$ cat coords00.txt   # compact mmCIF, C-alpha atoms
# COMPACT_ATOMS: atom_id res chain seq x y z
CA MET A 176 0.00 0.00 0.00
CA ASP A 177 1.49 3.37 -0.99
CA SER A 178 1.73 6.44 1.24
CA LEU A 179 -1.24 8.21 -0.35
CA HIS A 180 -3.57 5.32 0.43
CA ALA A 181 -2.12 5.05 3.94
CA ILE A 182 -2.75 8.76 4.59
CA GLY A 183 -6.28 8.36 3.23
CA PHE A 184 -6.83 5.41 5.56
CA TYR A 185 -5.66 7.23 8.68
CA VAL A 186 -7.56 10.44 7.88
CA SER A 187 -10.73 8.45 7.18
CA ALA A 188 -10.30 6.38 10.34
CA ALA A 189 -9.92 9.58 12.37
CA LEU A 190 -13.05 11.05 10.74
CA ALA A 191 -15.06 7.90 11.49
CA GLY A 192 -13.81 7.79 15.09
CA VAL A 193 -14.49 11.47 15.76
CA GLY A 194 -17.92 11.11 14.15
CA GLY A 195 -18.70 8.16 16.41
CA ILE A 196 -17.60 10.02 19.55
CA LEU A 197 -19.63 13.09 18.53
CA LEU A 198 -22.59 10.81 17.91
CA ALA A 199 -22.27 9.56 21.48
CA PHE A 200 -22.20 13.00 23.10
CA LEU A 201 -24.14 15.39 20.83
CA HIS A 202 -27.78 16.16 21.46
CA GLY A 203 -30.40 17.04 18.90
CA HIS A 204 -31.61 15.24 15.81
CA TRP A 205 -29.74 17.40 13.31
CA HIS A 206 -26.40 17.14 15.12
CA ARG A 207 -26.70 13.36 15.38
CA GLY A 208 -27.49 13.16 11.67
CA LEU A 209 -24.35 15.14 10.85
CA ALA A 210 -22.23 12.94 13.12
CA LEU A 211 -23.62 9.77 11.54
CA GLY A 212 -22.90 11.23 8.10
CA ALA A 213 -19.30 11.85 9.21
CA VAL A 214 -19.04 8.21 10.33
CA GLY A 215 -20.34 7.08 6.92
CA LEU A 216 -17.90 9.35 5.09
CA GLY A 217 -15.01 8.05 7.19
CA VAL A 218 -15.94 4.40 6.71
CA ALA A 219 -16.34 4.95 2.95
CA GLY A 220 -12.87 6.52 2.91
CA ILE A 221 -11.46 3.52 4.79
CA TYR A 222 -13.02 1.14 2.27
CA ALA A 223 -11.77 3.19 -0.68
CA SER A 224 -8.21 3.21 0.67
CA LEU A 225 -8.44 -0.59 1.15
CA SER A 226 -9.31 -1.06 -2.56
CA ALA A 227 -13.01 -1.66 -1.91
CA GLY A 228 -14.47 1.12 -4.05
CA PHE A 229 -17.83 -0.52 -4.68
CA ALA A 230 -18.38 -1.19 -0.98
CA ALA A 231 -17.37 2.43 -0.29
CA ILE A 232 -20.10 3.77 -2.58
CA VAL A 233 -22.74 1.47 -1.07
CA VAL A 234 -21.70 2.46 2.46
CA LEU A 235 -21.78 6.15 1.58
CA VAL A 236 -25.31 5.90 0.15
CA CYS A 237 -26.63 3.78 3.05
CA TYR A 238 -25.07 5.91 5.81
CA ILE A 239 -26.22 9.18 4.23
CA GLY A 240 -29.69 7.61 4.16
CA CYS A 241 -29.31 6.71 7.86
CA ALA A 242 -28.12 10.25 8.62
CA LEU A 243 -31.10 11.81 6.83
CA LEU A 244 -33.48 9.53 8.77
CA VAL A 245 -31.86 10.36 12.11
CA ALA A 246 -31.80 14.09 11.31
CA ARG A 247 -35.57 14.25 10.72
CA PRO A 248 -37.16 16.65 13.19
CA ASP A 249 -40.55 14.95 13.48
CA TYR A 250 -39.96 11.51 14.99
CA ARG A 251 -40.82 10.87 18.59
CA THR A 252 -38.27 10.97 21.40
CA ILE A 253 -38.58 7.93 23.67
CA GLU A 254 -36.57 7.73 26.86
CA GLN A 255 -35.22 4.42 28.16
CA ALA A 256 -36.42 3.14 31.51
CA ALA A 257 -32.94 1.80 32.41
CA ALA A 258 -31.31 3.47 35.40
CA GLY A 259 -27.98 5.29 35.28
CA LEU A 260 -26.16 2.38 36.92
CA TRP A 261 -27.03 0.03 34.05
CA ARG A 262 -25.92 2.61 31.50
CA GLN A 263 -22.59 2.94 33.32
CA ILE A 264 -22.21 -0.84 33.39
CA GLY A 265 -22.91 -0.86 29.63
CA ALA A 266 -20.26 1.82 29.07
CA VAL A 267 -17.72 -0.21 31.05
CA GLY A 268 -18.71 -3.24 28.97
CA ALA A 269 -18.00 -1.26 25.79
CA ALA A 270 -14.54 -0.36 27.15
CA LEU A 271 -13.88 -4.02 27.96
CA LEU A 272 -15.01 -4.92 24.44
CA LEU A 273 -12.45 -2.48 23.03
CA VAL A 274 -9.70 -3.97 25.20
CA GLY A 275 -10.65 -7.52 24.21
CA LEU A 276 -10.84 -6.82 20.48
CA ALA A 277 -7.62 -4.79 20.50
CA TYR A 278 -5.85 -7.61 22.37
CA ALA A 279 -7.17 -10.14 19.82
CA ALA A 280 -5.91 -7.94 16.97
CA PHE A 281 -2.53 -7.49 18.68
CA ARG A 282 -1.95 -11.13 19.56
CA GLY A 283 -3.55 -12.69 16.49
CA ARG A 284 -1.27 -14.43 14.01
CA PHE A 285 -2.92 -13.75 10.69
CA ALA A 286 -2.01 -15.05 7.27
CA HIS A 287 -0.61 -12.44 4.89
CA ALA A 288 -1.58 -12.53 1.25
CA THR A 289 -0.88 -10.38 -1.79
CA PHE A 290 -3.91 -8.52 -3.11
CA TYR A 291 -4.30 -8.85 -6.86
CA ASP A 292 -7.72 -7.32 -7.51
CA GLY A 293 -8.33 -3.76 -8.65
CA PRO A 294 -9.46 -0.70 -6.68
CA PHE A 295 -13.17 -1.03 -7.47
CA ASN A 296 -14.06 -4.71 -8.08
CA THR A 297 -17.70 -4.13 -9.04
CA MET A 298 -17.93 -7.19 -11.28
CA THR A 299 -16.34 -9.54 -8.76
CA VAL A 300 -18.50 -8.36 -5.86
CA ALA A 301 -21.62 -8.49 -8.07
CA ARG A 302 -20.78 -12.08 -9.03
CA LEU A 303 -20.42 -12.93 -5.36
CA LEU A 304 -23.68 -11.20 -4.46
CA PHE A 305 -25.84 -12.57 -7.25
CA ALA A 306 -24.25 -15.94 -8.05
CA HIS A 307 -22.03 -17.27 -5.27
CA ASP A 308 -24.08 -16.03 -2.31
CA ALA A 309 -27.46 -15.31 -3.88
CA LEU A 310 -29.33 -16.71 -0.87
CA ALA A 311 -27.63 -14.24 1.48
CA THR A 312 -28.46 -11.37 -0.87
CA GLU A 313 -32.09 -12.47 -1.03
CA ALA A 314 -32.24 -12.77 2.75
CA VAL A 315 -30.91 -9.22 3.18
CA ALA A 316 -33.35 -8.00 0.53
CA GLY A 317 -36.17 -9.64 2.51
CA VAL A 318 -34.97 -7.97 5.72
CA VAL A 319 -34.84 -4.56 4.01
CA LEU A 320 -38.31 -5.02 2.50
CA ALA A 321 -39.85 -6.12 5.82
CA ALA A 322 -38.12 -3.28 7.70
CA LEU A 323 -39.16 -0.55 5.30
CA VAL A 324 -42.77 -1.80 5.03
CA GLY A 325 -42.97 -2.07 8.83
CA ALA A 326 -41.49 1.40 9.22
CA ALA A 327 -43.92 2.89 6.70
CA ILE A 328 -46.92 1.29 8.43
CA ALA A 329 -45.76 2.38 11.90
CA TRP A 330 -44.98 5.90 10.68
CA ARG A 331 -48.55 6.56 9.50
CA ARG A 332 -49.99 6.88 13.02
CA GLU A 333 -49.24 10.08 14.92
CA ARG A 334 -48.40 9.68 18.60
CA PRO A 335 -48.42 12.24 21.43
CA ARG A 336 -45.16 13.79 22.56
CA ASP A 337 -43.32 12.04 25.40
CA GLU A 338 -43.55 14.36 28.41
CA ARG A 339 -40.14 13.36 29.86
CA GLU A 340 -38.16 14.13 26.79
CA GLY A 341 -35.31 16.60 26.60
CA ARG A 342 -35.82 18.25 23.24
CA ARG A 343 -33.63 18.77 20.21
CA MET B 89 3.73 5.17 6.85
CA THR B 90 1.90 1.99 6.04
CA VAL B 91 -1.28 0.13 6.90
CA THR B 92 -1.30 -3.47 8.11
CA LEU B 93 -4.03 -5.90 9.06
CA PHE B 94 -3.35 -5.10 12.71
CA THR B 95 -4.03 -1.39 12.06
CA VAL B 96 -7.28 -2.17 10.26
CA LEU B 97 -8.44 -4.54 12.99
CA PHE B 98 -7.58 -1.96 15.65
CA VAL B 99 -9.72 0.67 13.86
CA ALA B 100 -12.51 -1.91 13.52
CA ALA B 101 -12.28 -2.66 17.25
CA GLY B 102 -12.51 1.05 18.04
CA LEU B 103 -15.57 1.56 15.87
CA THR B 104 -17.31 -1.50 17.32
CA ALA B 105 -16.60 -0.36 20.88
CA VAL B 106 -17.81 3.21 20.14
CA GLY B 107 -21.02 1.78 18.67
CA ALA B 108 -21.54 -0.40 21.73
CA PHE B 109 -20.90 2.62 23.96
CA ILE B 110 -23.50 4.71 22.06
CA ALA B 111 -26.05 1.90 22.33
CA ALA B 112 -25.44 1.55 26.07
CA TRP B 113 -24.98 5.19 27.04
CA LYS B 114 -27.69 7.13 25.20
CA ARG B 115 -30.83 7.65 27.22
CA GLU B 116 -33.05 8.19 24.19
CA LEU B 117 -33.95 5.02 22.28
CA THR B 118 -33.65 6.43 18.76
CA ALA B 119 -30.27 7.92 19.68
CA ALA B 120 -29.15 4.58 21.11
CA LEU B 121 -30.19 2.99 17.82
CA THR B 122 -27.55 5.03 16.00
CA GLY B 123 -24.93 2.89 17.72
CA LEU B 124 -25.98 -0.01 15.51
CA PRO B 125 -24.63 1.39 12.20
CA VAL B 126 -21.37 2.29 13.95
CA MET B 127 -20.98 -1.27 15.24
CA PHE B 128 -21.83 -2.65 11.80
CA ALA B 129 -19.23 -0.28 10.32
CA GLY B 130 -16.63 -1.73 12.68
CA ALA B 131 -17.51 -5.27 11.60
CA GLY B 132 -17.44 -4.22 7.93
CA VAL B 133 -13.99 -2.63 8.29
CA ALA B 134 -12.68 -5.88 9.80
CA PHE B 135 -14.14 -7.92 6.92
CA VAL B 136 -12.73 -5.57 4.26
CA GLY B 137 -9.34 -5.57 5.99
CA VAL B 138 -9.18 -9.35 6.02
CA ALA B 139 -10.23 -9.43 2.34
CA ARG B 140 -7.45 -6.90 1.56
CA PHE B 141 -4.59 -8.32 3.61
CA GLY B 142 -5.32 -11.87 4.67
CA ALA B 143 -7.55 -13.74 2.20
CA THR B 144 -5.44 -16.54 0.78
CA SER B 145 -7.95 -18.95 -0.70
CA GLY B 146 -11.58 -19.21 -1.75
CA ALA B 147 -13.38 -16.05 -2.80
CA PRO B 148 -10.91 -13.27 -1.87
CA LEU B 149 -13.49 -10.46 -1.98
CA LEU B 150 -15.98 -12.17 0.31
CA GLY B 151 -15.21 -9.57 2.97
CA GLN B 152 -16.22 -6.72 0.67
CA GLU B 153 -19.48 -8.53 -0.06
CA VAL B 154 -20.23 -8.91 3.65
CA ALA B 155 -19.43 -5.21 4.18
CA VAL B 156 -21.98 -4.27 1.50
CA LEU B 157 -24.65 -6.48 3.09
CA LEU B 158 -23.88 -5.07 6.56
CA ALA B 159 -24.29 -1.48 5.34
CA ILE B 160 -27.66 -2.26 3.75
CA THR B 161 -28.80 -4.05 6.91
CA ALA B 162 -27.76 -1.06 9.03
CA PHE B 163 -29.86 1.23 6.85
CA ALA B 164 -32.86 -1.11 7.22
CA ALA B 165 -32.42 -1.26 11.00
CA VAL B 166 -32.28 2.52 11.38
CA GLY B 167 -35.30 2.94 9.09
CA LEU B 168 -37.30 0.42 11.10
CA GLY B 169 -36.27 2.01 14.40
CA VAL B 170 -37.21 5.53 13.36
CA GLY B 171 -40.47 4.24 11.89
CA LEU B 172 -41.35 2.35 15.07
CA ALA B 173 -40.56 5.40 17.20
CA GLY B 174 -43.36 7.04 15.27
CA ARG B 175 -44.31 10.45 14.10
CA GLU B 176 -44.88 13.02 16.77
CA SER B 177 -48.20 14.83 16.78
CA SER B 178 -47.96 18.55 16.11
CA ARG B 179 -49.59 19.45 19.43
$ encode --input "coords00.txt" --output "structure tokens"
Amino acid sequence: MDSLHAIGFYVSAALAGVGGILLAFLHGHWHRGLALGAVGLGVAGIYASLSAGFAAIVVLVCYIGCALLVARPDYRTIEQAAAGLWRQIGAVGAALLLVGLAYAAFRGRFAHATFYDGPFNTMTVARLLFAHDALATEAVAGVVLAALVGAAIAWRRERPRDEREGRR
Amino acid sequence: MTVTLFTVLFVAAGLTAVGAFIAAWKRELTAALTGLPVMFAGAGVAFVGVARFGATSGAPLLGQEVAVLLAITAFAAVGLGVGLAGRESSR
């Protein structure tokens, strides 16, 4: 991997990480949408620098879609019933997860291979999606269809504002 | 300056942990849901990294395929979550 791709990787990784941290601490629908968009942009940059151009475009489109959904001003705010202690235990669990995964990455003895494919690989990935693993693609298509139909049906009914919410 | 599989997996671990932290820490359910795409992004980065640096046999771009499917699934999950949260009345 040349220096230009390496710089692109590190800049994109920093963008995705900062976007994730902002997503954790920012309040308001619009701010969260922007942070999620930054995560998507960073992850797409990581993929592009790792010679996965097609995956980068798909990720960019999907995460911008997620960001636009999260940035909508008119969905309801629902507060969790979990107490602060459980949230703190969850946060400690996330830190332990980071330590465990980083240790696995550090201690793992992985095979090294030379990468021969191109920077975009649309044809190869399309062959995998529609020929080699067609069942997985159909399963994900079914999940997307069910999720979007369910979301559209649930969205039609207006609900009263949650009184406990801290707003936008 | 170079990138190795260890670097990629470390970034993937960071993204997964940040996503788990968001899901656990946010008090609001729709905000907690945004941790899911971040966790999926971490998993996707690990898959793409293995496809780039470590795939020796079989279909070498399988990791890129899984990353594509994970991104689409994340979009579906966020759409379903926002839809289930529901539209707020204008009152």
$ interface_residues --input "coords00.txt" --of "chain B" --to "chain A" --cutoff "6 Å" --atoms "all atoms listed in the file" --output "PyMOL selection string"
chain B and resi 90-91+94+97-98+101+105+108-110+112-113+115-117+141-142+144+153+156+159+163-164+168+171-177
$ atom_distance --input "coords00.txt" --atom1 "CA of Glu313 in chain A" --atom2 "CA of Gly130 in chain B"
23.3 Å
$ closest_residue --input "coords00.txt" --among "A:Ala246, A:Leu216, A:Ala309, A:Leu190" --to "Ala119 in chain B" --atoms "all atoms listed in the file"
A:Ala246
$ atom_distance --input "coords00.txt" --atom1 "CA of Ala306 in chain A" --atom2 "CA of Leu124 in chain B"
28.5 Å
$ atom_distance --input "coords00.txt" --atom1 "CA of Ala111 in chain B" --atom2 "CA of His206 in chain A"
16.9 Å
